[in-house]
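Colleague: One file: target-v3.txt (compact mmCIF, C-alpha atoms).
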# COMPACT_ATOMS: atom_id res chain seq x y z
CA MET A 1 -108.44 -93.82 -34.09
CA ILE A 2 -107.26 -94.83 -30.61
CA LEU A 3 -103.75 -96.28 -30.53
CA ASP A 4 -104.31 -99.06 -27.99
CA GLY A 5 -101.01 -99.93 -26.31
CA LYS A 6 -102.59 -102.70 -24.25
CA LEU A 7 -103.86 -104.50 -27.35
CA VAL A 8 -100.50 -104.25 -29.10
CA ARG A 9 -98.66 -105.34 -25.93
CA GLU A 10 -100.76 -108.50 -25.71
CA GLU A 11 -100.12 -109.40 -29.35
CA ILE A 12 -96.37 -108.84 -29.00
CA LEU A 13 -96.15 -110.82 -25.76
CA ASN A 14 -98.17 -113.73 -27.17
CA LYS A 15 -95.74 -113.99 -30.11
CA ILE A 16 -92.75 -113.82 -27.77
CA LYS A 17 -94.25 -116.46 -25.47
CA GLU A 18 -94.67 -118.80 -28.44
CA LYS A 19 -91.13 -118.10 -29.64
CA ILE A 20 -89.63 -118.79 -26.20
CA LYS A 21 -91.58 -122.04 -25.96
CA THR A 22 -90.88 -123.23 -29.52
CA GLU A 23 -87.17 -122.40 -29.43
CA ALA A 24 -86.74 -123.41 -25.75
CA LEU A 25 -85.05 -120.08 -25.00
CA ASP A 26 -83.57 -119.80 -21.50
CA ILE A 27 -83.84 -116.09 -20.68
CA LYS A 28 -83.16 -114.52 -17.29
CA LEU A 29 -83.55 -110.90 -16.16
CA ALA A 30 -81.69 -109.50 -13.14
CA ILE A 31 -83.39 -106.48 -11.53
CA ILE A 32 -81.54 -104.31 -9.00
CA LEU A 33 -83.55 -102.13 -6.61
CA VAL A 34 -81.83 -99.75 -4.21
CA GLY A 35 -84.05 -98.05 -1.63
CA ASP A 36 -87.76 -97.98 -0.84
CA ASP A 37 -89.29 -95.98 -3.68
CA GLU A 38 -92.90 -97.19 -3.88
CA ALA A 39 -93.32 -96.41 -7.58
CA SER A 40 -90.19 -98.44 -8.35
CA LYS A 41 -91.61 -101.42 -6.47
CA ILE A 42 -94.77 -101.24 -8.59
CA TYR A 43 -92.77 -101.00 -11.82
CA ILE A 44 -90.65 -103.99 -10.83
CA LYS A 45 -93.71 -106.04 -9.91
CA ASN A 46 -95.09 -105.28 -13.37
CA LYS A 47 -91.85 -106.34 -15.06
CA GLU A 48 -91.79 -109.59 -13.08
CA LYS A 49 -95.43 -110.25 -13.97
CA TYR A 50 -94.95 -109.99 -17.72
CA CYS A 51 -91.62 -111.84 -17.71
CA ASN A 52 -93.32 -114.69 -15.87
CA LEU A 53 -96.20 -114.59 -18.35
CA VAL A 54 -93.96 -115.30 -21.35
CA GLY A 55 -91.59 -117.74 -19.63
CA ILE A 56 -88.69 -115.44 -18.69
CA LYS A 57 -87.03 -115.96 -15.29
CA THR A 58 -86.41 -112.99 -13.02
CA THR A 59 -84.14 -112.47 -10.04
CA LYS A 60 -84.54 -109.36 -7.90
CA TYR A 61 -81.69 -107.93 -5.83
CA THR A 62 -82.95 -105.53 -3.16
CA PHE A 63 -80.68 -103.16 -1.25
CA ALA A 64 -81.26 -100.67 1.57
CA SER A 65 -81.31 -96.92 0.88
CA ASN A 66 -77.90 -96.42 2.52
CA THR A 67 -76.12 -99.04 0.38
CA LYS A 68 -72.75 -97.89 -0.93
CA GLU A 69 -72.18 -97.50 -4.66
CA ASP A 70 -69.32 -100.02 -4.59
CA GLU A 71 -71.72 -102.79 -3.53
CA ILE A 72 -73.93 -102.19 -6.55
CA ILE A 73 -70.90 -102.06 -8.86
CA GLU A 74 -69.64 -105.34 -7.43
CA LEU A 75 -73.03 -106.99 -8.11
CA ILE A 76 -73.17 -105.67 -11.68
CA GLN A 77 -69.70 -107.01 -12.40
CA LYS A 78 -70.77 -110.39 -11.03
CA LEU A 79 -73.93 -110.40 -13.17
CA ASN A 80 -71.95 -109.34 -16.26
CA ASN A 81 -69.83 -112.47 -15.82
CA ASP A 82 -72.79 -114.78 -15.17
CA ALA A 83 -73.59 -116.56 -18.43
CA SER A 84 -77.07 -117.48 -17.16
CA VAL A 85 -78.08 -113.79 -16.96
CA THR A 86 -79.45 -112.40 -20.23
CA GLY A 87 -80.22 -108.85 -19.12
CA ILE A 88 -79.69 -106.44 -16.23
CA ILE A 89 -81.81 -103.49 -15.08
CA LEU A 90 -80.83 -100.96 -12.40
CA GLN A 91 -84.18 -99.50 -11.38
CA SER A 92 -84.35 -95.71 -11.32
CA PRO A 93 -84.38 -93.59 -9.19
CA VAL A 94 -81.49 -94.56 -6.93
CA PRO A 95 -80.38 -92.88 -3.68
CA LYS A 96 -78.17 -89.80 -4.03
CA GLN A 97 -74.92 -91.57 -3.04
CA ILE A 98 -75.19 -93.69 -6.21
CA ASP A 99 -74.37 -92.14 -9.60
CA PHE A 100 -77.05 -93.75 -11.80
CA ASP A 101 -75.37 -92.89 -15.12
CA LYS A 102 -71.95 -94.08 -13.99
CA VAL A 103 -73.22 -97.36 -12.52
CA THR A 104 -75.61 -98.12 -15.39
CA ASN A 105 -72.76 -97.65 -17.85
CA LEU A 106 -70.90 -100.50 -16.15
CA ILE A 107 -73.57 -102.94 -17.33
CA ASP A 108 -72.32 -105.08 -20.22
CA PRO A 109 -73.86 -103.46 -23.37
CA ASN A 110 -74.92 -106.96 -24.42
CA LYS A 111 -76.99 -107.21 -21.21
CA ASP A 112 -78.29 -103.62 -21.28
CA VAL A 113 -82.07 -104.11 -21.36
CA ASP A 114 -82.81 -100.38 -21.03
CA GLY A 115 -80.44 -99.32 -23.81
CA PHE A 116 -78.78 -96.71 -21.58
CA THR A 117 -75.09 -97.65 -21.80
CA LYS A 118 -72.77 -95.33 -23.72
CA GLU A 119 -72.07 -97.99 -26.36
CA ASN A 120 -75.74 -98.51 -27.17
CA ILE A 121 -76.47 -94.75 -27.19
CA TYR A 122 -73.40 -94.16 -29.39
CA ASN A 123 -74.64 -96.79 -31.85
CA LEU A 124 -78.02 -95.03 -31.88
CA TYR A 125 -76.26 -91.74 -32.59
CA LEU A 126 -74.40 -93.30 -35.51
CA GLY A 127 -77.54 -94.95 -36.88
CA ARG A 128 -76.26 -98.47 -36.22
CA LYS A 129 -78.41 -101.38 -35.06
CA THR A 130 -78.60 -101.19 -31.27
CA ILE A 131 -80.70 -101.94 -28.21
CA LEU A 132 -83.19 -99.06 -28.12
CA PRO A 133 -84.48 -97.56 -24.86
CA CYS A 134 -87.79 -99.29 -24.13
CA THR A 135 -90.14 -96.30 -24.37
CA VAL A 136 -88.50 -95.16 -27.61
CA LYS A 137 -88.82 -98.62 -29.13
CA GLY A 138 -92.40 -98.90 -27.85
CA ILE A 139 -93.47 -95.67 -29.59
CA ILE A 140 -91.94 -96.80 -32.88
CA LYS A 141 -93.54 -100.27 -32.64
CA LEU A 142 -96.92 -98.70 -31.87
CA LEU A 143 -96.73 -96.46 -34.95
CA GLU A 144 -95.64 -99.41 -37.09
CA TYR A 145 -98.44 -101.63 -35.80
CA TYR A 146 -101.05 -99.10 -36.90
CA ASN A 147 -99.28 -98.55 -40.24
CA ILE A 148 -98.54 -94.91 -39.47
CA PRO A 149 -95.62 -93.83 -41.68
CA ILE A 150 -92.49 -92.38 -40.11
CA GLU A 151 -90.27 -91.80 -43.15
CA GLY A 152 -90.63 -88.31 -44.57
CA GLN A 153 -92.97 -87.14 -41.80
CA ASP A 154 -92.60 -83.90 -39.85
CA ILE A 155 -92.39 -85.08 -36.25
CA VAL A 156 -92.40 -82.71 -33.28
CA ILE A 157 -91.24 -83.93 -29.87
CA ILE A 158 -91.93 -81.90 -26.72
CA GLY A 159 -89.21 -82.78 -24.22
CA ARG A 160 -85.50 -83.48 -24.62
CA GLY A 161 -84.84 -85.80 -21.67
CA ASN A 162 -82.29 -88.60 -21.83
CA ILE A 163 -84.90 -91.34 -21.29
CA VAL A 164 -87.36 -90.42 -24.08
CA GLY A 165 -87.04 -87.12 -25.95
CA HIS A 166 -83.38 -87.12 -26.96
CA PRO A 167 -82.96 -90.81 -27.92
CA LEU A 168 -86.38 -90.77 -29.62
CA SER A 169 -85.32 -87.86 -31.83
CA LEU A 170 -82.26 -89.86 -32.95
CA ALA A 171 -84.25 -93.06 -33.55
CA LEU A 172 -86.85 -91.24 -35.67
CA GLN A 173 -84.19 -89.42 -37.68
CA ASN A 174 -82.60 -92.80 -38.33
CA LYS A 175 -85.96 -93.75 -39.88
CA ASN A 176 -85.80 -90.68 -42.16
CA ALA A 177 -88.28 -88.46 -40.34
CA THR A 178 -87.72 -84.71 -40.04
CA VAL A 179 -87.62 -84.12 -36.29
CA THR A 180 -88.07 -80.91 -34.29
CA VAL A 181 -87.42 -81.03 -30.54
CA LEU A 182 -89.16 -78.48 -28.28
CA HIS A 183 -88.27 -77.74 -24.65
CA THR A 184 -88.70 -75.28 -21.79
CA HIS A 185 -86.78 -72.56 -23.65
CA THR A 186 -88.86 -72.83 -26.84
CA LYS A 187 -90.57 -69.44 -27.27
CA ASP A 188 -93.77 -70.51 -29.00
CA LEU A 189 -94.76 -74.18 -28.73
CA GLU A 190 -97.90 -73.72 -30.80
CA LYS A 191 -95.94 -72.38 -33.77
CA PHE A 192 -94.18 -75.74 -34.06
CA THR A 193 -96.83 -78.18 -32.81
CA LYS A 194 -99.31 -76.99 -35.46
CA GLU A 195 -96.85 -78.06 -38.17
CA ALA A 196 -96.51 -81.64 -36.93
CA ASP A 197 -97.66 -84.70 -38.84
CA ILE A 198 -96.86 -86.63 -35.66
CA LEU A 199 -96.79 -84.83 -32.30
CA ILE A 200 -95.13 -86.61 -29.38
CA SER A 201 -95.21 -85.06 -25.90
CA ALA A 202 -92.81 -86.31 -23.24
CA ALA A 203 -92.70 -83.25 -20.99
CA GLY A 204 -94.40 -84.60 -17.86
CA CYS A 205 -96.64 -81.52 -17.70
CA ALA A 206 -100.34 -82.21 -17.15
CA HIS A 207 -102.53 -81.31 -20.13
CA LEU A 208 -99.81 -79.18 -21.72
CA VAL A 209 -101.05 -79.96 -25.25
CA LYS A 210 -104.36 -78.21 -25.89
CA SER A 211 -106.65 -78.58 -28.89
CA TYR A 212 -105.63 -75.23 -30.38
CA MET A 213 -102.02 -76.49 -30.57
CA VAL A 214 -102.86 -79.45 -32.81
CA LYS A 215 -103.67 -79.31 -36.51
CA LYS A 216 -106.42 -81.55 -37.88
CA ASN A 217 -105.46 -85.16 -38.65
CA THR A 218 -102.21 -85.08 -36.68
CA VAL A 219 -101.09 -88.29 -34.94
CA VAL A 220 -100.69 -87.53 -31.22
CA ILE A 221 -98.54 -89.65 -28.90
CA ASP A 222 -98.79 -88.86 -25.17
CA VAL A 223 -95.79 -90.08 -23.17
CA GLY A 224 -95.87 -87.76 -20.14
CA VAL A 225 -97.23 -88.86 -16.78
CA SER A 226 -98.40 -86.43 -14.08
CA ARG A 227 -100.64 -86.53 -11.05
CA LYS A 228 -103.66 -84.23 -11.01
CA GLY A 229 -105.47 -84.60 -7.71
CA ASP A 230 -105.93 -88.35 -7.28
CA LYS A 231 -105.70 -89.08 -11.01
CA ILE A 232 -102.81 -89.98 -13.29
CA VAL A 233 -102.98 -87.83 -16.42
CA GLY A 234 -100.88 -87.28 -19.52
CA ASP A 235 -99.43 -84.28 -21.31
CA VAL A 236 -102.33 -84.16 -23.76
CA ASP A 237 -105.80 -82.78 -23.09
CA PHE A 238 -107.22 -86.04 -24.47
CA GLU A 239 -110.94 -85.23 -24.42
CA ASN A 240 -110.49 -82.04 -26.43
CA VAL A 241 -107.75 -83.28 -28.78
CA LYS A 242 -109.14 -86.72 -29.71
CA ASP A 243 -111.67 -85.37 -32.23
CA ILE A 244 -109.02 -83.31 -34.00
CA ALA A 245 -106.33 -85.98 -34.19
CA ALA A 246 -106.25 -88.69 -36.84
CA ALA A 247 -104.92 -91.05 -34.16
CA ILE A 248 -104.12 -90.62 -30.48
CA THR A 249 -102.82 -92.65 -27.55
CA PRO A 250 -104.84 -92.79 -24.35
CA ASN A 251 -102.91 -92.10 -21.18
CA PRO A 252 -102.79 -94.39 -19.32
CA GLY A 253 -103.13 -97.30 -21.74
CA GLY A 254 -101.06 -96.08 -24.68
CA VAL A 255 -97.28 -95.81 -24.43
CA GLY A 256 -96.95 -97.30 -20.92
CA PRO A 257 -97.96 -100.87 -21.87
CA MET A 258 -95.62 -100.68 -24.87
CA THR A 259 -92.67 -99.79 -22.65
CA VAL A 260 -93.22 -102.95 -20.58
CA ALA A 261 -93.55 -105.05 -23.74
CA MET A 262 -90.26 -103.68 -25.07
CA ILE A 263 -88.40 -104.79 -21.95
CA ILE A 264 -89.44 -108.31 -22.91
CA ASP A 265 -88.66 -107.67 -26.59
CA ASN A 266 -85.19 -106.35 -25.74
CA LEU A 267 -84.48 -109.41 -23.60
CA VAL A 268 -85.24 -111.68 -26.56
CA GLU A 269 -83.02 -109.50 -28.77
CA LEU A 270 -80.19 -109.73 -26.24
CA LYS A 271 -80.61 -113.50 -26.06
CA GLU A 272 -80.33 -113.77 -29.84
CA ARG A 273 -77.22 -111.56 -29.77
CA SER A 274 -75.58 -113.93 -27.27
CA LYS A 275 -76.52 -116.98 -29.37
CA ASN A 276 -75.01 -115.41 -32.48
CA GLY A 277 -71.81 -114.47 -30.70
Render the structure in this file as structure tokens.
Modeller:
Amino acid sequence: MILDGKLVREEILNKIKEKIKTEALDIKLAIILVGDDEASKIYIKNKEKYCNLVGIKTTKYTFASNTKEDEIIELIQKLNNDASVTGIILQSPVPKQIDFDKVTNLIDPNKDVDGFTKENIYNLYLGRKTILPCTVKGIIKLLEYYNIPIEGQDIVIIGRGNIVGHPLSLALQNKNATVTVLHTHTKDLEKFTKEADILISAAGCAHLVKSYMVKKNTVVIDVGVSRKGDKIVGDVDFENVKDIAAAITPNPGGVGPMTVAMIIDNLVELKERSKNG
């Protein structure tokens, strides 16, 4: 079975569009871009596209590469105090003179679309309801859509980064999965990957996961993105793994579309938080 992120994204966004229209929700996203990173511009264009599609307003604040950190902090404080702004995103990467973690943590947790502030991560650590990082939430929603159980499953994650691997391990443990996290110092990846009921790779290493590393009927989620020649490829050797796996995400077309959808989903969640005080 192919886990089609595009299909699920469209269904989620259609429901959100109807909700925004029916409830006359006034939602606004502020996006901050510092520098000229071409990939960031593409990502932002995509976010604006899908926000516009469901009826969410966007405002983009663009700064030159040499902008001082204080200017960005001043803008975030202004946006925090602007009642018309539902959510704020500081697009990564930022130039070296700006401390991304420090500046992101100054975003009001109740406007933290990416789920990166210390308060939201702390709530995740404690198993409390929180705004989940978008890729993490997207993976969970994708599994739930296809009725793939999480509770009680042996889940192996390759990668322990702060954007996906680490918060994902916490979120899945909070759903009563048994989670093993592998990384660059793991001696024998295959020893662990062959035990997984669900195998999630977020290493950013092209075709790292080979067919011999996957047991039959495992669910395989490919998060990593790499460039191989002129092609974008994932962590999983898709063509050779797809016939072994019970279910697998294509890459592109699997987790990526879900991440975009969860930005929209988180904005609606933040709006409902603000309405409920």
Colleague: Rounded to one decimal place, report the CA of Ala202 in chain A-CA of Val225 in chain A distance in Å.
Modeller: 8.2 Å
Colleague: Between A:Gly55, A:Pro167, A:Gly229, A:Gly161, single out the one closest to Gly204 in chain A, counting only C-alpha atoms.
Modeller: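 Result for the nearest residue to Gly204 in chain A: A:Gly161.
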Colleague: So how many Å separate CA of His166 in chain A and CA of Val255 in chain A, to one decimal?
Modeller: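 One can read the CA of His166 in chain A to CA of Val255 in chain A distance as 16.6 Å.
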Colleague: Give me, please, the distance in Å between CA of Gly138 in chain A and CA of Ala261 in chain A, quoted to one decimal.
Modeller: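 It comes out at 7.5 Å.
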Colleague: Choose the residue, out of A:Val236, A:Leu29, A:Leu126, A:Ile150, that has the smallest atom-to-atom separation from Lys57 in chain A; count only C-alpha atoms.
Modeller: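 For Lys57 in chain A, the nearest of the given residues is A:Leu29.
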Colleague: Residues at most 10 Å from Thr117 in chain A, counting all atoms listed in the file, excluding those fewer than 4 positions away in the same chain, as a ChimeraX atom specification?
Modeller: /A:101-113,121-122,131,133
Colleague: Using all atoms listed in the file, which of the listed residues (A:Leu124, A:Leu168, A:Leu267, A:Ala206) sits closest to Ile20 in chain A?
Modeller: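 Looking only at the distances to Ile20 in chain A, the closest residue turns out to be A:Leu267.
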Colleague: When you look at Ile76 in chain A with a cut-off of 10 Å (counting only C-alpha atoms), what residues show up, excluding the ones that are within fewer than 3 positions of it in the same chain? I need them as a ChimeraX atom specification.
Modeller: /A:30,32,70-73,79-82,88-90,103-104,106-108
Colleague: Write the residues of the preceding selection, restricted to C-alpha atoms, as a PDB file, in the coordinates of the input.
Modeller:
ATOM      1  CA  ALA A  30     -81.690-109.500 -13.140  1.00  0.00           C
ATOM      2  CA  ILE A  32     -81.540-104.310  -9.000  1.00  0.00           C
ATOM      3  CA  ASP A  70     -69.320-100.020  -4.590  1.00  0.00           C
ATOM      4  CA  GLU A  71     -71.720-102.790  -3.530  1.00  0.00           C
ATOM      5  CA  ILE A  72     -73.930-102.190  -6.550  1.00  0.00           C
ATOM      6  CA  ILE A  73     -70.900-102.060  -8.860  1.00  0.00           C
ATOM      7  CA  LEU A  79     -73.930-110.400 -13.170  1.00  0.00           C
ATOM      8  CA  ASN A  80     -71.950-109.340 -16.260  1.00  0.00           C
ATOM      9  CA  ASN A  81     -69.830-112.470 -15.820  1.00  0.00           C
ATOM     10  CA  ASP A  82     -72.790-114.780 -15.170  1.00  0.00           C
ATOM     11  CA  ILE A  88     -79.690-106.440 -16.230  1.00  0.00           C
ATOM     12  CA  ILE A  89     -81.810-103.490 -15.080  1.00  0.00           C
ATOM     13  CA  LEU A  90     -80.830-100.960 -12.400  1.00  0.00           C
ATOM     14  CA  VAL A 103     -73.220 -97.360 -12.520  1.00  0.00           C
ATOM     15  CA  THR A 104     -75.610 -98.120 -15.390  1.00  0.00           C
ATOM     16  CA  LEU A 106     -70.900-100.500 -16.150  1.00  0.00           C
ATOM     17  CA  ILE A 107     -73.570-102.940 -17.330  1.00  0.00           C
ATOM     18  CA  ASP A 108     -72.320-105.080 -20.220  1.00  0.00           C
TER      19      ASP A 108
END
Colleague: Using only C-alpha atoms, which residue out of A:Leu172, A:Val209, A:Ala177, A:Val8 lies closest to Val241 in chain A?
Modeller: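 Under the stated criterion, the closest residue is A:Val209.
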Colleague: Kindly indicate which residue among A:Ile42, A:Leu132, A:Leu142, A:Val214 lies nearest to Glu269 in chain A, using all atoms listed in the file for the distances.
Modeller: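 The closest residue to Glu269 in chain A is A:Leu132.
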Colleague: Of the candidates A:Arg273, A:Lys19, A:Tyr125, A:Thr259, which shows the shortest atom-to-atom distance to Tyr43 in chain A, using all atoms listed in the file?
Modeller: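 The closest residue to Tyr43 in chain A is A:Thr259.
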Colleague: Just want the 12 Å neighbourhood of Thr180 in chain A, counted on only C-alpha atoms, with same-chain residues fewer than 6 positions away dropped. Output as a list of chain:residue names.
Modeller: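 Here the qualifying residues turn out to be A:Gln153, A:Asp154, A:Ile155, A:Val156, A:Ile157, A:Ile158, A:Gly159, A:Arg160, A:Gly165, A:His166, A:Leu168, A:Ser169, A:Leu170, A:Leu172, A:Gln173, A:Thr186, A:Leu189, A:Lys191, A:Phe192, A:Thr193, A:Lys194, A:Glu195, A:Ala196, A:Asp197, A:Ile198, A:Leu199, A:Ile200, A:Ser201.
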Colleague: Which residues are close to Leu143 in chain A, i.e. within 10 Å by all atoms listed in the file, leaving aside same-chain residues fewer than 2 positions away? Reply as a ChimeraX atom specification.
Modeller: /A:3,138-141,145-150,198,219,221,247
Colleague: Would you list the residues near (-72.5, -89.7, -3.7), meaning any protein, DNA or RNA residue with an atom at most 12 Å from that point in file coordinates, counting all atoms listed in the file, as a VMD selection string?
Modeller: chain A and resid 66 to 70 94 to 100 102 to 103
Colleague: Take the point (-105.1, -86.9, -14.8) as written in the file and pick out every residue within 12 Å of it, counting only C-alpha atoms; give the list as a list of chain:residue names.
Modeller: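 So the residues meeting the distance criterion are A:Gly204, A:Cys205, A:Ala206, A:His207, A:Leu208, A:Gly224, A:Val225, A:Ser226, A:Arg227, A:Lys228, A:Gly229, A:Asp230, A:Lys231, A:Ile232, A:Val233, A:Gly234, A:Asp235, A:Val236, A:Asp237, A:Phe238, A:Glu239, A:Pro250, A:Asn251, A:Pro252.
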Colleague: Okay, now the selection with C-alpha atoms, as a PDB file, in the coordinates of the input?
Modeller:
ATOM      1  CA  GLY A 204     -94.400 -84.600 -17.860  1.00  0.00           C
ATOM      2  CA  CYS A 205     -96.640 -81.520 -17.700  1.00  0.00           C
ATOM      3  CA  ALA A 206    -100.340 -82.210 -17.150  1.00  0.00           C
ATOM      4  CA  HIS A 207    -102.530 -81.310 -20.130  1.00  0.00           C
ATOM      5  CA  LEU A 208     -99.810 -79.180 -21.720  1.00  0.00           C
ATOM      6  CA  GLY A 224     -95.870 -87.760 -20.140  1.00  0.00           C
ATOM      7  CA  VAL A 225     -97.230 -88.860 -16.780  1.00  0.00           C
ATOM      8  CA  SER A 226     -98.400 -86.430 -14.080  1.00  0.00           C
ATOM      9  CA  ARG A 227    -100.640 -86.530 -11.050  1.00  0.00           C
ATOM     10  CA  LYS A 228    -103.660 -84.230 -11.010  1.00  0.00           C
ATOM     11  CA  GLY A 229    -105.470 -84.600  -7.710  1.00  0.00           C
ATOM     12  CA  ASP A 230    -105.930 -88.350  -7.280  1.00  0.00           C
ATOM     13  CA  LYS A 231    -105.700 -89.080 -11.010  1.00  0.00           C
ATOM     14  CA  ILE A 232    -102.810 -89.980 -13.290  1.00  0.00           C
ATOM     15  CA  VAL A 233    -102.980 -87.830 -16.420  1.00  0.00           C
ATOM     16  CA  GLY A 234    -100.880 -87.280 -19.520  1.00  0.00           C
ATOM     17  CA  ASP A 235     -99.430 -84.280 -21.310  1.00  0.00           C
ATOM     18  CA  VAL A 236    -102.330 -84.160 -23.760  1.00  0.00           C
ATOM     19  CA  ASP A 237    -105.800 -82.780 -23.090  1.00  0.00           C
ATOM     20  CA  PHE A 238    -107.220 -86.040 -24.470  1.00  0.00           C
ATOM     21  CA  GLU A 239    -110.940 -85.230 -24.420  1.00  0.00           C
ATOM     22  CA  PRO A 250    -104.840 -92.790 -24.350  1.00  0.00           C
ATOM     23  CA  ASN A 251    -102.910 -92.100 -21.180  1.00  0.00           C
ATOM     24  CA  PRO A 252    -102.790 -94.390 -19.320  1.00  0.00           C
TER      25      PRO A 252
END
